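Chemist: My structure is in input_36.cif, and what it holds is mmCIF, C-alpha atoms:
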data_work
#
loop_
_atom_site.label_atom_id
_atom_site.label_comp_id
_atom_site.auth_asym_id
_atom_site.auth_seq_id
_atom_site.Cartn_x
_atom_site.Cartn_y
_atom_site.Cartn_z
CA MET A 1201 103.42 62.78 96.77
CA THR A 1202 104.28 66.06 95.07
CA GLU A 1203 101.84 67.13 92.36
CA GLU A 1204 103.31 67.80 88.94
CA LEU A 1205 103.23 71.45 87.95
CA PRO A 1206 100.96 72.49 85.08
CA LEU A 1207 102.71 72.90 81.71
CA TYR A 1208 102.22 76.69 81.61
CA LEU A 1209 103.96 77.08 84.99
CA LYS A 1210 106.86 74.94 83.78
CA LEU A 1211 107.20 77.05 80.61
CA ILE A 1212 107.10 80.28 82.61
CA GLY A 1213 109.70 78.83 84.97
CA TYR A 1214 112.01 77.94 82.09
CA GLY A 1215 111.60 81.43 80.64
CA LEU A 1216 112.39 83.03 84.00
CA ALA A 1217 115.46 80.82 84.40
CA VAL A 1218 116.78 81.99 81.03
CA THR A 1219 116.01 85.62 81.90
CA GLY A 1220 117.79 85.30 85.24
CA SER A 1221 120.78 83.61 83.63
CA ILE A 1222 121.41 86.48 81.21
CA ALA A 1223 120.07 89.44 83.23
CA PHE A 1224 123.50 90.96 83.90
CA ILE A 1225 124.84 90.65 80.35
CA PRO A 1226 123.49 94.13 79.38
CA GLN A 1227 125.34 95.52 82.42
CA ILE A 1228 128.58 93.86 81.29
CA LEU A 1229 128.16 95.33 77.81
CA LYS A 1230 127.42 98.80 79.18
CA VAL A 1231 130.55 98.86 81.36
CA TRP A 1232 132.66 97.44 78.52
CA LYS A 1233 131.37 99.90 75.90
CA SER A 1234 131.63 102.95 78.16
CA LYS A 1235 135.07 101.85 79.43
CA SER A 1236 133.98 103.15 82.83
CA GLY A 1237 133.02 101.84 86.25
CA GLU A 1238 131.88 105.23 87.54
CA GLY A 1239 128.55 105.31 89.33
CA LEU A 1240 128.43 101.59 90.14
CA ASN A 1241 127.94 100.54 93.74
CA LEU A 1242 130.80 98.03 93.86
CA THR A 1243 130.00 97.09 97.47
CA MET A 1244 126.70 95.77 96.15
CA PHE A 1245 128.54 93.55 93.67
CA ILE A 1246 130.84 92.21 96.41
CA ILE A 1247 127.84 91.20 98.54
CA LEU A 1248 125.93 89.81 95.55
CA ASP A 1249 128.99 87.78 94.54
CA PHE A 1250 129.26 86.34 98.05
CA VAL A 1251 125.54 85.56 98.32
CA THR A 1252 125.26 83.84 94.94
CA SER A 1253 128.48 81.90 95.62
CA LEU A 1254 127.14 80.73 98.97
CA ILE A 1255 123.70 79.68 97.75
CA SER A 1256 125.13 77.98 94.64
CA THR A 1257 127.53 75.98 96.78
CA PHE A 1258 124.73 75.03 99.18
CA CYS A 1259 122.56 73.75 96.32
CA ILE A 1260 125.40 71.79 94.72
CA LYS A 1261 126.58 70.23 97.99
CA SER A 1262 122.99 69.37 98.89
CA GLY A 1263 122.76 67.33 95.71
CA LEU A 1264 119.98 69.45 94.21
CA ASP A 1265 119.22 69.33 90.51
CA TYR A 1266 121.14 71.75 88.29
CA SER A 1267 117.90 73.69 87.69
CA ASN A 1268 118.20 74.91 91.30
CA TRP A 1269 121.69 76.38 91.00
CA LEU A 1270 122.69 76.93 87.35
CA GLU A 1271 120.92 80.30 87.17
CA LEU A 1272 122.66 81.43 90.37
CA LEU A 1273 126.01 80.27 89.09
CA MET A 1274 125.54 82.19 85.83
CA THR A 1275 124.59 85.30 87.82
CA ASN A 1276 127.66 84.84 90.00
CA ILE A 1277 129.99 84.71 86.99
CA GLN A 1278 128.41 87.79 85.40
CA VAL A 1279 128.56 89.79 88.65
CA PHE A 1280 132.26 88.98 89.02
CA ILE A 1281 132.96 90.07 85.43
CA ILE A 1282 131.17 93.40 86.02
CA HIS A 1283 133.14 94.01 89.20
CA ALA A 1284 136.46 93.12 87.56
CA LEU A 1285 135.77 95.34 84.53
CA ALA A 1286 134.79 98.24 86.78
CA ARG A 1287 137.99 97.98 88.82
CA TYR A 1288 140.03 97.75 85.61
CA TYR A 1289 138.47 100.83 84.03
CA LEU A 1290 138.72 102.74 87.31
CA ASN A 1291 142.46 102.04 87.11
CA GLN A 1292 142.59 100.21 90.44
CA PRO A 1293 145.12 97.40 89.80
CA ASP A 1294 145.68 96.69 93.49
CA LYS A 1295 141.97 96.29 94.19
CA LEU A 1296 141.61 94.21 91.02
CA THR A 1297 144.33 91.85 92.26
CA ILE A 1298 142.66 91.62 95.67
CA LEU A 1299 139.37 90.87 93.91
CA PHE A 1300 140.84 87.90 92.01
CA LEU A 1301 142.64 86.57 95.08
CA GLY A 1302 139.51 87.00 97.19
CA LYS A 1303 137.40 85.16 94.62
CA ALA A 1304 139.89 82.29 94.51
CA GLY A 1305 139.99 82.16 98.31
CA LEU A 1306 136.20 82.22 98.68
CA THR A 1307 135.78 79.48 96.09
CA THR A 1308 138.35 77.31 97.85
CA ILE A 1309 136.83 77.84 101.30
CA LEU A 1310 133.28 77.11 100.13
CA ALA A 1311 134.47 73.96 98.38
CA LEU A 1312 136.16 72.67 101.55
CA ILE A 1313 133.91 73.63 104.46
CA PRO A 1314 131.10 71.25 105.56
CA LEU A 1315 127.51 71.84 104.49
CA ASP A 1316 126.39 72.55 108.07
CA TYR A 1317 128.69 75.59 108.25
CA ILE A 1318 127.29 76.89 104.98
CA LYS A 1319 123.75 76.54 106.38
CA THR A 1320 124.79 78.57 109.45
CA ILE A 1321 126.25 81.34 107.29
CA MET A 1322 123.09 81.42 105.18
CA ASN A 1323 121.10 82.48 108.25
CA CYS A 1324 122.92 85.83 108.05
CA LEU A 1325 121.95 86.49 104.42
CA LEU A 1326 118.65 88.28 105.02
CA PRO A 1327 120.03 91.22 107.07
CA MET A 1328 123.01 91.39 104.71
CA MET A 1329 120.76 91.65 101.65
CA ILE A 1330 118.46 94.21 103.30
CA TYR A 1331 121.48 96.38 104.13
CA ASN A 1332 122.89 95.98 100.63
CA LYS A 1333 119.67 96.80 98.80
CA THR A 1334 118.75 99.69 101.11
CA THR A 1335 122.15 101.37 100.75
CA MET A 1336 121.92 100.95 96.98
CA ALA A 1337 118.50 102.65 96.86
CA TYR A 1338 119.78 105.44 99.13
CA LYS A 1339 122.85 105.98 96.92
CA HIS A 1340 120.61 106.42 93.90
CA TYR A 1341 118.50 108.92 95.84
CA LYS A 1342 121.55 110.80 97.11
CA ASP A 1343 123.23 110.95 93.68
CA LYS A 1344 119.94 111.66 91.90
CA SER A 1345 121.07 109.02 89.42
CA THR A 1346 121.25 105.26 88.99
CA GLY A 1347 124.75 105.74 87.60
CA GLN A 1348 126.03 103.07 85.23
CA LEU A 1349 123.24 100.60 85.96
CA ALA A 1350 121.87 99.16 82.72
CA GLY A 1351 118.14 99.66 82.28
CA ALA A 1352 117.80 96.30 80.53
CA THR A 1353 119.30 94.52 83.54
CA LEU A 1354 116.92 96.29 85.93
CA TRP A 1355 113.89 95.42 83.81
CA MET A 1356 114.92 91.80 83.30
CA GLN A 1357 115.34 91.33 87.05
CA PHE A 1358 111.99 93.01 87.68
CA VAL A 1359 110.29 90.64 85.23
CA GLN A 1360 112.09 87.69 86.79
CA PHE A 1361 111.06 88.56 90.37
CA SER A 1362 107.47 89.27 89.30
CA GLY A 1363 107.27 85.97 87.45
CA ARG A 1364 108.76 84.05 90.37
CA ILE A 1365 106.09 85.45 92.68
CA PHE A 1366 103.36 84.43 90.24
CA THR A 1367 104.66 80.86 89.78
CA THR A 1368 105.23 80.49 93.54
CA VAL A 1369 101.66 81.53 94.38
CA MET A 1370 100.19 79.34 91.64
CA SER A 1371 102.23 76.30 92.71
CA GLY A 1372 101.34 76.76 96.39
CA ASN A 1373 104.94 77.02 97.68
CA ASN A 1374 104.17 80.09 99.75
CA GLY A 1375 107.05 79.46 102.15
CA PHE A 1376 109.35 81.10 99.59
CA LEU A 1377 107.06 84.09 99.12
CA PRO A 1378 108.36 86.55 101.80
CA PRO A 1379 111.96 86.83 100.47
CA MET A 1380 110.64 87.00 96.91
CA LEU A 1381 108.30 89.86 97.81
CA LEU A 1382 111.20 91.62 99.51
CA ASN A 1383 113.37 91.31 96.39
CA TRP A 1384 110.49 92.43 94.19
CA SER A 1385 109.84 95.49 96.37
CA TYR A 1386 113.45 96.66 96.17
CA GLN A 1387 113.61 95.96 92.44
CA THR A 1388 110.46 98.02 91.93
CA VAL A 1389 112.15 100.92 93.74
CA TYR A 1390 115.23 100.60 91.50
CA VAL A 1391 113.14 100.58 88.33
CA LEU A 1392 111.17 103.64 89.45
CA GLN A 1393 114.40 105.42 90.35
CA TYR A 1394 115.85 104.54 86.95
CA LEU A 1395 112.78 105.89 85.14
CA TRP A 1396 112.67 109.08 87.20
CA TYR A 1397 116.36 109.96 87.07
CA SER A 1398 116.68 108.98 83.40
CA ARG A 1399 113.87 111.42 82.69
CA GLY A 1400 115.82 114.18 84.44
CA GLN A 1401 119.03 113.31 82.59
CA GLY A 1402 117.15 113.41 79.29
CA LYS A 1403 115.98 116.98 80.01
CA GLU A 1404 119.54 118.05 80.85
CA GLU A 1405 120.83 116.66 77.53
CA GLU A 1406 118.10 118.52 75.65
CA LYS A 1407 119.09 121.80 77.35
CA LYS A 1408 122.73 121.28 76.36
CA LYS A 1409 121.75 120.84 72.71
CA GLU A 1410 119.72 124.10 72.69
#
Kindly transcribe the structure held in the file into structure tokens.
Modeler:
Amino acid sequence: MTEELPLYLKLIGYGLAVTGSIAFIPQILKVWKSKSGEGLNLTMFIILDFVTSLISTFCIKSGLDYSNWLELLMTNIQVFIIHALARYYLNQPDKLTILFLGKAGLTTILALIPLDYIKTIMNCLLPMMIYNKTTMAYKHYKDKSTGQLAGATLWMQFVQFSGRIFTTVMSGNNGFLPPMLLNWSYQTVYVLQYLWYSRGQGKEEEKKKE
């Protein structure tokens, strides 16, 4: 029989779910206000869209409670909006059309294929995510900038991953710990890069004013 989680862990979990559900809203607002998609790693958003679509579909088809997939679904919608806005402001109508058609096709395929096939595809997610996150960190290093990434989004994800690790350890579900630690490690790198490169950009702006 599964032990009921302590109230404080439940409250933290609810808070993290809310944080995760709205984490990309600052990024949407930043792209929309700047009217620019420059500096965003759009390949990252393609992979993130695919991954969140896949896992959300797996949870829904497995009959899991909405608390297991609603946050992922919200993230998926926000990631797609960011990608679409970026393509629009980059004046890439052909790629924007392909994006919408691809999203419609992916949604249809995931809705139709059996759960066993989705499980098989999910086995490929770890190397895909490692590649995606590593190339993103390298791009920041190469460009000496985190580009259009919103600081609020980076911090909210960092808090979310940190909190998930804490609640996982405290609840004893350590089987989920390795991928969480991996996500947290990459997110820590992104936050440090953001802080470091933002510091450099601030100095450049001060020099221009002088």
Chemist: Which one of A:Ile1282, A:Leu1326, A:Phe1250, A:Tyr1397 sits closest to A:Lys1230 if you count only C-alpha atoms?
Modeler: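 The answer is A:Ile1282, which sits nearest to A:Lys1230.
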Chemist: Could you tell me how far atom CA of A:Arg1364 sits from atom CA of A:Ser1345, in Å to one decimal place?
Modeler: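 Computing the Euclidean distance for atom CA of A:Ser1345 and atom CA of A:Arg1364 yields 27.9 Å.
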Chemist: If you count all atoms listed in the file, which residues fall within 10 Å of A:Gly1239, apart from same-chain ones fewer than 6 positions away, as a list of chain:residue names?
Modeler: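 Contacts, with the query itself left out: A:Ala1286, A:Lys1339, A:His1340, A:Asp1343, A:Ser1345, A:Thr1346, A:Gly1347, A:Gln1348, A:Leu1349.
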Chemist: Go ahead and save the picked residues with C-alpha atoms, as a compact mmCIF listing (two decimals), in the coordinates of the input.
Modeler:
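Below is the file that was written, again_6.txt:
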# COMPACT_ATOMS: atom_id res chain seq x y z
CA ALA A 1286 134.79 98.24 86.78
CA LYS A 1339 122.85 105.98 96.92
CA HIS A 1340 120.61 106.42 93.90
CA ASP A 1343 123.23 110.95 93.68
CA SER A 1345 121.07 109.02 89.42
CA THR A 1346 121.25 105.26 88.99
CA GLY A 1347 124.75 105.74 87.60
CA GLN A 1348 126.03 103.07 85.23
CA LEU A 1349 123.24 100.60 85.96
Chemist: Let me make sure I understand: among A:Phe1224, A:Trp1396, A:Tyr1341, A:Tyr1214, which one has the smallest atom-to-atom distance to A:Trp1355 if we use all atoms listed in the file?
Modeler: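 Among A:Phe1224, A:Trp1396, A:Tyr1341, A:Tyr1214, it is A:Phe1224 that comes nearest to A:Trp1355.
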Chemist: In Å, rounded to a single decimal, give me how far atom CA of A:Val1279 is from atom CA of A:Phe1245.
Modeler: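 Atom CA of A:Phe1245 sits 6.3 Å away from atom CA of A:Val1279.
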Chemist: Which neighbours of stretch 1380-1384 of chain A fall inside 7 Å, counting all atoms listed in the file, when residues of the same chain fewer than 2 positions from it are skipped, and could you give them as a PyMOL selection string?
Modeler: chain A and resi 1358+1361-1362+1365+1376-1378+1386-1388
